[in-house]
Structures are given as C-alpha cells and as structure tokens.
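These notes are about the structure you will find just below.
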Amino acid sequence: MHIRVINPNTTRAMTDTIGAAATVAAAAGTRISATQPSSGPVSIESHFDEAVSAVGVIEEVIAGEREGTDAYIIACFGDPGLNAARELTRAPVIGIAEAAFHVASLISTRFSVVTTLPRTAIIAEHLLDSYGFSHRCRRVRAADIPVLELEDNPDLALQLIIEECLRAKREDNIGAIVLGCGGMADLTPQITEAVGLPVVEGVTAAVKLAEAVVGLGLGTSKFGDLAFPPAKPFTGSFERYSNRQPG
Ligand code: 2AL
C-alpha cells in the first residue's frame, strides 16, 4: 500500500518530521511518501495561508494520481483543500484534524485540542463545528507558538506544549488530548509520558485510518459532491486545469 502524506506547507524539515512519524506508524507493507507543494506558504497559520496552500495540495494529489497512490493524507491541522482533493481521486483522502477527532472520540467521551497559535485555535473550532465534533471537545487551547518554532526551537516548543497539555488535564475534565499541528507529529511519546493522558496525534492517526479504509476495500465515493469535478475551461494562470479528465 502506498500512502502519500502531503505536508501542505513548504518547509522541508517539517515534511521530513511528518514523513518519519508516518513511517514509524505504518504497518509492514505500507510505503510512505512525504511530499510538499513546490509553491506556497512556509507555514499555515491563517485562512489566507490555508486558501493558498490548498492549490498546492491539489497539485500533489494530481501528481499522486500519476503514480497510482492508494491513499492520501493532508498533514496540516486545518485540513486545507480536503474535499477538493477528494474530488480528484478514488483513493481515500484523510485530513489530520478529522483523523485525530475521530480517534479521540473512540477512546474518550471528551477531549481538548492543543494547537499552536490562538488564531489557529479558532480555525480548529470551526473545523470541530463543521465536522460535528464540537460536543466531544471541551476546549481548543493554544500553546502560543508560531508553527515554525516547532522546527527552529524544538525544546522550548515542546515545553510550552506540555505546559498547555497539563493545564488542559487540570482544568478541562477530559479523557484525552489532541495535538493540533502536523509539526507535532514526532512529539507524542514525550507528551504522553509528561502528561499522563492518552495523546492523539493526527498524522499517525491518519496513517492507521488510511490503512483501515484501504483494507476495507473502500475509497472516496464518486457519487454526489465528491464525484470528479466537471471538466470546463479555466483561464489565466489556472489554464492547466482546463477540461481535466479524471486521473
Ligand atoms: C498548521 C499545521 O498543522 N501545519 C502548519 O503549517 N500549520 N496548523 C496549525 N494549527 O498549527
């Protein structure tokens, strides 16, 4: 099974971190390719960043279709471009936020999310609403670190995340914690040990869910709104998408 793990931002070090964590989580016989768009923001911390990065995610799925990919993971906690990516393939496409919310809901009745910045915490609240998980989430918390601090200042970032997770444990009356950034993919063991609660991390959760969905013989439905998009002319710098045929 080949899973293409797409880091929607363009920071190579973070793509490598995500790829390594996904590889550790993968079953024997699963091959992980960690990729990133050639253009786009170096980190995703706003609706604007998400909108621009979604085009890069789409390009990565188009490239993956040429290689016969079995499943895709969108490894940014805003799940940018998720349903657009699904329209382009029969393979399952799993966002790390939705994967983490699903898995946390299977092992606890209520969880808190610990993400990077206060503004991305708000974006995560929108996602919980739109995915129907708000009633399972007690609180979305921010460690108040810019995304790239996870790569540039990892010891301080880890300390701040652990401190916020401990506050969540003390104050939120929860059974589990969800880590809210793709760049946290390698931190689960240290955070679990320091916090003493189950910690759900989206990249690793998404790898196991992708393996399960493929193992069930299931893929993205091509009935209804996730059918391949209608072929039509595109103009200007998006002309390359004109009259696209599936695959
Ligand atoms: C993210 C993420 O996962 N990767 C990135 O660049 N921005 N989102 C976040 N909430 O930190």
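To be explicit about the labels: the chains of the structure tokens are called A, B, and onward in the order shown, and within each one the residues are counted from 1, while ligands get numbers from 1 in the order they are shown.
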Give me the residues within 10 Å of Val93 (chain A) as a list of chain:residue names, counting only C-alpha atoms and dropping any in the same chain fewer than 4 places off.
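Result of the neighbour search: A:Ile3, A:Arg4, A:Val5, A:Val61, A:Asp70, A:Ala71, A:Tyr72, A:Ile73, A:Ile74, A:Leu82, A:Asn83, A:Ala84, A:Ala85, A:Arg86, A:Glu87, A:Leu88, A:Thr89, A:Ala206, A:Ala210, A:Val213, A:Gly219, A:Thr220.
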If the limit is 6 Å from any atom of ligand 1, counting only C-alpha atoms and all ligand atoms, which residues qualify? Return them as a PDB file with N, CA and C atoms, in the first residue's frame.
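Contents of the output file part.pdb:
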```pdb
ATOM      1  N   ASN A   9       2.431  22.790   3.839  1.00  0.00           N
ATOM      2  CA  ASN A   9       3.364  23.921   3.824  1.00  0.00           C
ATOM      3  C   ASN A   9       4.677  23.516   3.144  1.00  0.00           C
ATOM      4  N   SER A  43       4.510  28.148   6.369  1.00  0.00           N
ATOM      5  CA  SER A  43       3.705  27.592   7.464  1.00  0.00           C
ATOM      6  C   SER A  43       2.280  28.063   7.242  1.00  0.00           C
ATOM      7  N   ILE A  44       1.342  27.372   7.873  1.00  0.00           N
ATOM      8  CA  ILE A  44      -0.078  27.680   7.641  1.00  0.00           C
ATOM      9  C   ILE A  44      -0.686  28.074   8.979  1.00  0.00           C
ATOM     10  N   GLU A  45      -1.034  29.352   9.074  1.00  0.00           N
ATOM     11  CA  GLU A  45      -1.472  29.928  10.353  1.00  0.00           C
ATOM     12  C   GLU A  45      -2.651  30.868  10.186  1.00  0.00           C
ATOM     13  N   CYS A  76      -1.838  18.913   7.630  1.00  0.00           N
ATOM     14  CA  CYS A  76      -1.896  20.221   8.287  1.00  0.00           C
ATOM     15  C   CYS A  76      -3.207  20.251   9.045  1.00  0.00           C
ATOM     16  N   PHE A  77      -3.209  20.814  10.251  1.00  0.00           N
ATOM     17  CA  PHE A  77      -4.364  20.677  11.133  1.00  0.00           C
ATOM     18  C   PHE A  77      -5.597  21.446  10.656  1.00  0.00           C
ATOM     19  N   GLY A  78      -5.452  22.309   9.667  1.00  0.00           N
ATOM     20  CA  GLY A  78      -6.633  22.946   9.079  1.00  0.00           C
ATOM     21  C   GLY A  78      -7.270  22.111   7.985  1.00  0.00           C
ATOM     22  N   THR A 115      -3.151  23.350  20.194  1.00  0.00           N
ATOM     23  CA  THR A 115      -2.593  23.731  18.900  1.00  0.00           C
ATOM     24  C   THR A 115      -1.519  24.806  19.092  1.00  0.00           C
ATOM     25  N   THR A 116      -1.172  25.478  18.021  1.00  0.00           N
ATOM     26  CA  THR A 116      -0.031  26.397  18.026  1.00  0.00           C
ATOM     27  C   THR A 116      -0.447  27.812  18.462  1.00  0.00           C
ATOM     28  N   THR A 120      -5.111  29.972  15.184  1.00  0.00           N
ATOM     29  CA  THR A 120      -5.368  28.648  14.603  1.00  0.00           C
ATOM     30  C   THR A 120      -6.285  27.834  15.516  1.00  0.00           C
ATOM     31  N   VAL A 147       4.096  28.191  14.144  1.00  0.00           N
ATOM     32  CA  VAL A 147       4.307  26.819  13.657  1.00  0.00           C
ATOM     33  C   VAL A 147       5.794  26.507  13.474  1.00  0.00           C
ATOM     34  N   GLY A 180      -2.580  19.616  17.894  1.00  0.00           N
ATOM     35  CA  GLY A 180      -3.165  20.343  16.780  1.00  0.00           C
ATOM     36  C   GLY A 180      -2.194  20.965  15.808  1.00  0.00           C
ATOM     37  N   CYS A 181      -1.207  20.200  15.340  1.00  0.00           N
ATOM     38  CA  CYS A 181      -0.326  20.700  14.270  1.00  0.00           C
ATOM     39  C   CYS A 181       0.447  19.521  13.684  1.00  0.00           C
ATOM     40  N   GLY A 182       0.588  19.523  12.349  1.00  0.00           N
ATOM     41  CA  GLY A 182       1.368  18.472  11.695  1.00  0.00           C
ATOM     42  C   GLY A 182       2.809  18.429  12.179  1.00  0.00           C
ATOM     43  N   GLY A 183       3.319  19.599  12.550  1.00  0.00           N
ATOM     44  CA  GLY A 183       4.706  19.671  13.024  1.00  0.00           C
ATOM     45  C   GLY A 183       4.908  19.047  14.394  1.00  0.00           C
TER      46      GLY A 183
END
```
All strand (DSSP E or B) positions in region 26-148 of chain A, as a count of residues only
23
Hey, which of A:Ser221, A:Thr30, A:Gln36, A:Asn243 ends up closest to Ile18 (chain A)? Count only C-alpha atoms.
A:Gln36
Counting only C-alpha atoms, which of A:Ile6, A:Leu226, A:Val178, A:Val42 gets nearest to Ile62 (chain A)?
A:Ile6
Excluding same-chain residues fewer than 5 positions from Val103 (chain A), what lies within 12 Å of it counting only C-alpha atoms, as a list in words?
Ile96, Ala97, Glu98, Ser108, Thr109, Arg110, Phe111, Phe133, Arg136, Ala176, Ile177, Val178, Leu179, Pro198, Val199, Val200, Glu201, Gly202, Val203, Thr204, Ala205, Ala206, Val207, Lys208 and Leu209 of chain A
Computed gap from CA of Pro118 (chain A) to CA of Val57 (chain A) is 24.2 Å
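Taking only C-alpha atoms into account, Asp144 (chain A) lies nearest to A:Arg119 out of the set A:Arg119, A:His47, A:His2, A:Arg167.
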Quick check, in Å to one decimal: how far apart do CA of Leu166 (chain A) and CA of Arg139 (chain A) lie?
13.2 Å
All alpha helix (DSSP H) positions in region 69-119 of chain A, as a count of residues only:
20
Do a neighbour search on Asp16 (chain A) at 9 Å with only C-alpha atoms, toss out local chain neighbours closer than 4 positions, and write the hits as number ranges by chain.
A: 11-12, 20-21, 34-35
Keeping only N, CA and C atoms, write the selected residues to a file as a CSV table (one decimal), in the first residue's frame.
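Output below, filename part_31.csv:
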```csv
chain,number,residue,atom,x,y,z
A,11,THR,N,7.9,23.8,4.1
A,11,THR,CA,9.1,23.7,4.9
A,11,THR,C,9.6,22.2,4.9
A,12,ARG,N,10.7,22.0,4.3
A,12,ARG,CA,11.2,20.7,4.1
A,12,ARG,C,11.5,19.9,5.4
A,20,ALA,N,8.8,10.9,8.8
A,20,ALA,CA,9.4,9.9,9.7
A,20,ALA,C,8.3,9.4,10.7
A,21,ALA,N,7.5,10.3,11.2
A,21,ALA,CA,6.5,9.8,12.2
A,21,ALA,C,5.5,8.9,11.5
A,34,ALA,N,6.5,11.2,1.8
A,34,ALA,CA,6.1,12.5,2.3
A,34,ALA,C,6.5,13.6,1.3
A,35,THR,N,5.5,14.4,0.9
A,35,THR,CA,5.7,15.4,-0.1
A,35,THR,C,5.2,16.7,0.4
```
d(CA of Leu128 (chain A), CA of Asn173 (chain A)) in Å
18.4 Å
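Between Ile32 (chain A) and the candidates A:Glu50, A:Glu211, A:Glu125, A:Glu171, the tightest atom-to-atom separation, counting only C-alpha atoms, involves A:Glu211.
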Residue nearest Ala13 (chain A) among A:Pro92, A:Ala99, A:Leu148, A:Ala25 (counting only C-alpha atoms)
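For Ala13 (chain A), the nearest of the given residues is A:Leu148.
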